[in-house]
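Trainee: So that we are looking at the same thing, I have put the structure below in structure tokens.
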Amino acid sequence: MLYREAGQFKSSYASDQAIFPIRQDKIGIALILVVALLVVPFVASNYVLNSILVPFLVFSTAAIGLNIVTGYCGQVSLGTGGFMACGAFFAFKLTTAFPDIHIILIFLLAGFGTALVGIVFGLPSLRIKGFYLAIATLAAQFFLIWMFTQNPWWTNYNPAGVITAPPRALFGDFYITGVRATPVGKYLFLVCFVTILALVAKNLVRSALGRAWMAIRDMDIAAEIMGIRPMMAKLSAFAVSSFFIGISGALWAFIYTASVEALAFEVTRSFQVLFMIIIGGLGSILGSFLGAAFIVLLPILLNSAPAMVGIRMSTELLTHLEFMIFGALIVFFLIVEPQGLARLWQIGKEKLRRWPFPY
Amino acid sequence: MNTRLIASWLIGAPAAVVGLGLVIQLAALADPSLYFAWGYYFEVFVGGLLQGVMYSLVALGFVLIFKASSTFNFAQGSMVLFAALTMVGFIEWGLHWTIAFALTMGVMVLLAMAIERVVLRPLVNQPHITLFMATIGIFYFLDGFGQTLWGSDVKSLDIGMPRTPVIVLENVFDGGIMINQFDLVAALVGGALVLGLAVFFQKTRIGRALRAVADDHQAALSVGIPLKTIWVVVWTVAGIVALVAGVMWGGKMGVQFTLALIALKALPVLILGGLTSIPGAIVGGLIIGAGEQVAEIFLGHFIGSAIQDWFAYVLAMLVLLVRPQGLFGEKIIERV
């Protein structure tokens with residue numbers, strides 16, 4: 001009843017092509033942002049901020065990045081962890097070598113550096129596709145992690161091979177990394193930063209470039225005949241995707257964990273992000289957020305559920321059960337809704353439009 | 001596989017081995033700190049080949065399932081772990097290992113039926129990527145299930161295979177070549193398995209049905225081959241291959257969680273050999289195994305150790321750049 005676009009007329013091309021063409025969507029997004037910026041920081045405890053909301057936002061960025069190359073351009077990539085490591089280590093080297101550069105610029109530069117690496121490892125996609133490509137991207141994963149663990153230069157010769165984020169302020173005394181950063185500060189910065197990144201991504205996939213990616217995904221040969229250059233489309237998808245993933249890696253190392261070793265970006269991380277976009281929905285920016293929320297929340301729920309109902313289990317058994325439930329849920333989701341949570345949301349919206357008189 | 005192809009491999013492979021040795025010898029001349037002797041080189045090489053057979057054992061399971069259902073079964077690694085854990089569990093009950101082996105085979109049949117019923121059947125006609133994701137789900141499930149059932153301690157699996165190294169060809173090379181007997185037995189078992197599979201696929205009625213399904217699902221269905229049964233059979237065969245691989249790997253490094261991760265080692269073998277080719281899995285395994293060992297010892301000398309982690313992938317990637325379908329894969333011709 002409330003969610004209905006009747007009476008909202010489009011009188012210009014601009015309004016027809018708006019990101020949120022329906023007024024209720026605009027209000028909804030604005031409400032979410034207002035709640036996220038003005039209510040959550042005062043209500044949420046430090047635990048919720050630090051171990052749920054911050055990783056959720058960081059993972060969302062990674063999921064958006066992977067969604068661009070896998071969901072929009074159709075090139076399955078399993079190198080996400082490696083690219084995240086790239087972003088983290090690039091940002092660390094940059095900010096320790098040039099302490100005066102502003103931290104946001106550092107993140108962006110780390111993203112651009114990762115984009116270059118992404119182009120290099122995207123080159124095989126010009127020859128091979130499908131599972132072959134997926135496995136070829138594992139080469140990036142293992143090679144990059146090896147490079148960061150093997151060369152102490154990347155960690156500034158830290159004996160433990162760990163990089164620790166130096167304190168950096170967004171402006172004045174508002175620290176977002178290092179010991180003086182407060183959870184609320186980190187969270188607020190991430191909300192703004194990730195919102196802007198998501199907006200950029202959303203607009204990119206609506207642009208000519210994004211349409212070229214989708215054409216390549218749907219049928220590469222047909223796209224080529226229509227005049228889309230596969231090389232440009234595929235490599236730009238890899239570059240843009242790696243840009244986002246690199247930034248998420250830098251955010252992970254600097255804001256979420258504050259100190260990190262290369263092994264934190266092992267191949268399991270790649271799979272984790274891949275799960276996010278599959279469960280959230282391939283080819284959907286909203287899906288990236290939903291999937292990230294699902295994957296971040298699920299282990300926490302699984303961990304606390306037995307305690308809630310009063311069953312005591314050994315942590316070992318709990319981990320194994322968690323694995324089982326996780327696996328079973330993935331299969332369940334794939335069977336029930338192969339297109340992910342974003343599709344469920346879409347179906348829900350369709351239903352809502354006609355509610356309460358569906359006929 | 002025609003005779004010309006086999007002949008070119010028979011001549012080309014030894015030539016490549018010797019050529020690689022010569023290159024390394026040149027490198028050793030240029031850099032005296034790199035130790036090189038032909039006996040040592042061949043020892044490393046043979047060690048790598050035997051290691052490669054172990055990779056092939058895992059890769060075989062992937063190929064079987066991919067051939068019959070075009071599903072990339074990521075869960076093969078956890079099937080290896082699950083099979084090994086189950087077998088160790090039965091042995092711990094005090095059963096003889098042959099009985100435990102047979103019982104575990106039964107469990108793998110049940111597992112195949114369960115997977116077909118619960119996962120594959122509802123996902124018929126979904127895109128390949130969905131099925132791939134589903135197998136990752138199975139991977140996690142089996143991983144947790146096996147360890148919930150049997151515990152997660154490292155267990156030893158000893159079925160009385162010899163472990164002492166032997167030294168061969170003492171009169172050809174100075175000091176001879178040391179070979180681990182365990183690896184040798186594993187290689188023989190692997191060879192026997194491949195031979196058995198080849199007979200199964202070529203000579204039996206159900207093997208022919210499997211090949212028909214692999215060629216074309218719909219055509220196979222239309223001549224009356226029951227797809228569901230075939231899938232169960234394929235997953236069973238893959239489960240048994242996983243069991244053999246689990247016994248070998250478990251005997252080598254103990255039955256433990258990391259066993260599931262050897263699947264990651266088998267992936268480059270797969271794409272190198274081609275996803276649909278059984279000989280490809282074998283040859284790919286041999287190339288990866290040997291290449292990895294040689295690279296670790298001789299190339300690792302120059303660029304740093306532990307390159308085993310990624311070398312196989314880079315090698316496979318380079319081959320793919322020249323032959324996108326792998327060494328023995330079916331050439332895919334695409335038209336609009």
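Residues in the structure tokens are named by chain (A, B, ... in the order shown) and by number from 1 within that chain; ligands are numbered from 1 in the order shown.
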Show me, as a VMD selection string, every residue of chain A with an atom at most 6 Å from chain B, counting only C-alpha atoms.

Mentor: chain A and resid 128 136 139 142 to 143 320 to 321 323 to 324 327 330 to 331

Trainee: Would you pick out the contacts of range 49-60 of chain A at 7 Å or less, using only C-alpha atoms, so that residues sharing its chain but fewer than 4 positions from it are not included, and give the list as a PyMOL selection string?

Mentor: chain A and resi 44-45+64+183+187+190+194+248+251-252+256+288-289+292-293+296

Trainee: What's around Lys228 in chain B at 10 Å? Count only C-alpha atoms, leave out sequence neighbours fewer than 5 positions away in its own chain, and write the answer as a list in words.

Mentor: Met113, Glu116, Arg117, Leu120, Arg121, Val233 and Val234 of chain B

Trainee: Only N, CA and C atoms, please: the residues just picked out, written as a PDB file, in the first residue's frame.

Mentor:
ATOM      1  N   MET B 113      24.996 -41.386  -3.130  1.00  0.00           N
ATOM      2  CA  MET B 113      23.541 -41.365  -3.283  1.00  0.00           C
ATOM      3  C   MET B 113      22.954 -40.134  -2.601  1.00  0.00           C
ATOM      4  N   GLU B 116      23.622 -37.033  -4.668  1.00  0.00           N
ATOM      5  CA  GLU B 116      22.776 -36.989  -5.862  1.00  0.00           C
ATOM      6  C   GLU B 116      21.361 -36.557  -5.490  1.00  0.00           C
ATOM      7  N   ARG B 117      20.862 -37.162  -4.406  1.00  0.00           N
ATOM      8  CA  ARG B 117      19.473 -36.911  -4.034  1.00  0.00           C
ATOM      9  C   ARG B 117      19.271 -35.489  -3.501  1.00  0.00           C
ATOM     10  N   LEU B 120      22.335 -32.638  -6.159  1.00  0.00           N
ATOM     11  CA  LEU B 120      22.370 -32.559  -7.619  1.00  0.00           C
ATOM     12  C   LEU B 120      20.983 -32.517  -8.232  1.00  0.00           C
ATOM     13  N   ARG B 121      20.077 -33.343  -7.697  1.00  0.00           N
ATOM     14  CA  ARG B 121      18.785 -33.428  -8.358  1.00  0.00           C
ATOM     15  C   ARG B 121      18.017 -32.104  -8.311  1.00  0.00           C
ATOM     16  N   VAL B 233      26.577 -43.428  -9.906  1.00  0.00           N
ATOM     17  CA  VAL B 233      27.742 -44.271 -10.201  1.00  0.00           C
ATOM     18  C   VAL B 233      29.008 -43.419 -10.278  1.00  0.00           C
ATOM     19  N   VAL B 234      28.898 -42.285 -10.983  1.00  0.00           N
ATOM     20  CA  VAL B 234      30.089 -41.453 -11.150  1.00  0.00           C
ATOM     21  C   VAL B 234      30.588 -40.949  -9.805  1.00  0.00           C
TER      22      VAL B 234
END

Trainee: Mind giving me the straight-line distance from CA of Gly291 in chain A to CA of Leu341 in chain A in Å, one decimal?

Mentor: 7.2 Å

Trainee: Using only C-alpha atoms, which protein or nucleic acid residues come within 12 Å of Pro226 in chain B? Drop anything in the same chain fewer than 3 positions from it, and give the result as a PyMOL selection string.

Mentor: chain B and resi 206+209-210+212-213+217-223+229-233

Trainee: Take the residues from that selection and write them out as a short mmCIF file (atom, residue, chain, number, x, y, z; two decimals), in the first residue's frame, keeping N, CA and C atoms.

Mentor:
data_model
loop_
_atom_site.label_atom_id
_atom_site.label_comp_id
_atom_site.auth_asym_id
_atom_site.auth_seq_id
_atom_site.Cartn_x
_atom_site.Cartn_y
_atom_site.Cartn_z
N ILE B 206 28.11 -50.26 -18.19
CA ILE B 206 27.86 -49.02 -17.48
C ILE B 206 28.92 -47.97 -17.81
N ALA B 209 27.82 -46.33 -20.87
CA ALA B 209 26.75 -45.38 -20.55
C ALA B 209 27.35 -44.09 -19.99
N LEU B 210 28.37 -44.23 -19.15
CA LEU B 210 29.02 -43.06 -18.58
C LEU B 210 29.60 -42.18 -19.67
N ALA B 212 28.69 -42.07 -22.72
CA ALA B 212 27.60 -41.46 -23.50
C ALA B 212 27.08 -40.21 -22.80
N VAL B 213 26.91 -40.31 -21.49
CA VAL B 213 26.43 -39.15 -20.74
C VAL B 213 27.43 -38.01 -20.83
N HIS B 217 24.35 -35.13 -22.67
CA HIS B 217 23.33 -35.52 -21.71
C HIS B 217 22.02 -35.90 -22.38
N GLN B 218 21.56 -35.01 -23.26
CA GLN B 218 20.22 -35.19 -23.80
C GLN B 218 20.14 -36.38 -24.72
N ALA B 219 21.19 -36.55 -25.54
CA ALA B 219 21.20 -37.72 -26.42
C ALA B 219 21.20 -38.99 -25.60
N ALA B 220 21.99 -38.99 -24.51
CA ALA B 220 22.04 -40.17 -23.65
C ALA B 220 20.67 -40.45 -23.06
N LEU B 221 20.01 -39.39 -22.60
CA LEU B 221 18.67 -39.57 -22.02
C LEU B 221 17.72 -40.15 -23.05
N SER B 222 17.84 -39.67 -24.29
CA SER B 222 16.85 -40.05 -25.30
C SER B 222 17.04 -41.49 -25.75
N VAL B 223 18.23 -42.07 -25.55
CA VAL B 223 18.36 -43.50 -25.87
C VAL B 223 18.14 -44.35 -24.62
N THR B 229 20.93 -42.58 -12.16
CA THR B 229 21.79 -43.71 -11.79
C THR B 229 23.24 -43.42 -12.16
N ILE B 230 23.39 -42.85 -13.36
CA ILE B 230 24.74 -42.58 -13.83
C ILE B 230 25.46 -41.63 -12.88
N TRP B 231 24.73 -40.62 -12.43
CA TRP B 231 25.37 -39.67 -11.53
C TRP B 231 25.82 -40.35 -10.24
N VAL B 232 24.93 -41.20 -9.71
CA VAL B 232 25.31 -41.92 -8.49
C VAL B 232 26.57 -42.74 -8.74
N VAL B 233 26.58 -43.43 -9.91
CA VAL B 233 27.74 -44.27 -10.20
C VAL B 233 29.01 -43.42 -10.28
#

Trainee: For Cys192 in chain A, which residue out of A:Asp16, A:Gly111, A:Leu33, A:Ile228 is the nearest one, using only C-alpha atoms?

Mentor: A:Leu33

Trainee: As a PyMOL selection string, which residues of range 32-221 of chain A does DSSP assign to strand (DSSP E or B)?

Mentor: chain A and resi 162-164+168-171+174-177

Trainee: Please, which residues of range 25-258 of chain A, numbered as in this document, come out alpha helix (DSSP H) from DSSP, as an MDAnalysis selection string?

Mentor: chainID A and resid 25:34 40:43 46:48 54:66 80:97 103:122 131:150 183:206 208:218 220:225 230:251

Trainee: So which residues touch Gly251 in chain B within 7 Å, counting only C-alpha atoms, skipping near sequence neighbours fewer than 2 positions away, as JSON, numbers by chain?

Mentor: {"B": [156, 157, 158, 247, 248, 249, 253, 254]}

Trainee: Rank A:Ala258, A:Leu126, A:Ala14, A:Val48 by their smallest atom-to-atom distance to Ile300 in chain A, using only C-alpha atoms, and report the top residue only.

Mentor: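 Nearest candidate to Ile300 in chain A out of A:Ala258, A:Leu126, A:Ala14, A:Val48: A:Val48.
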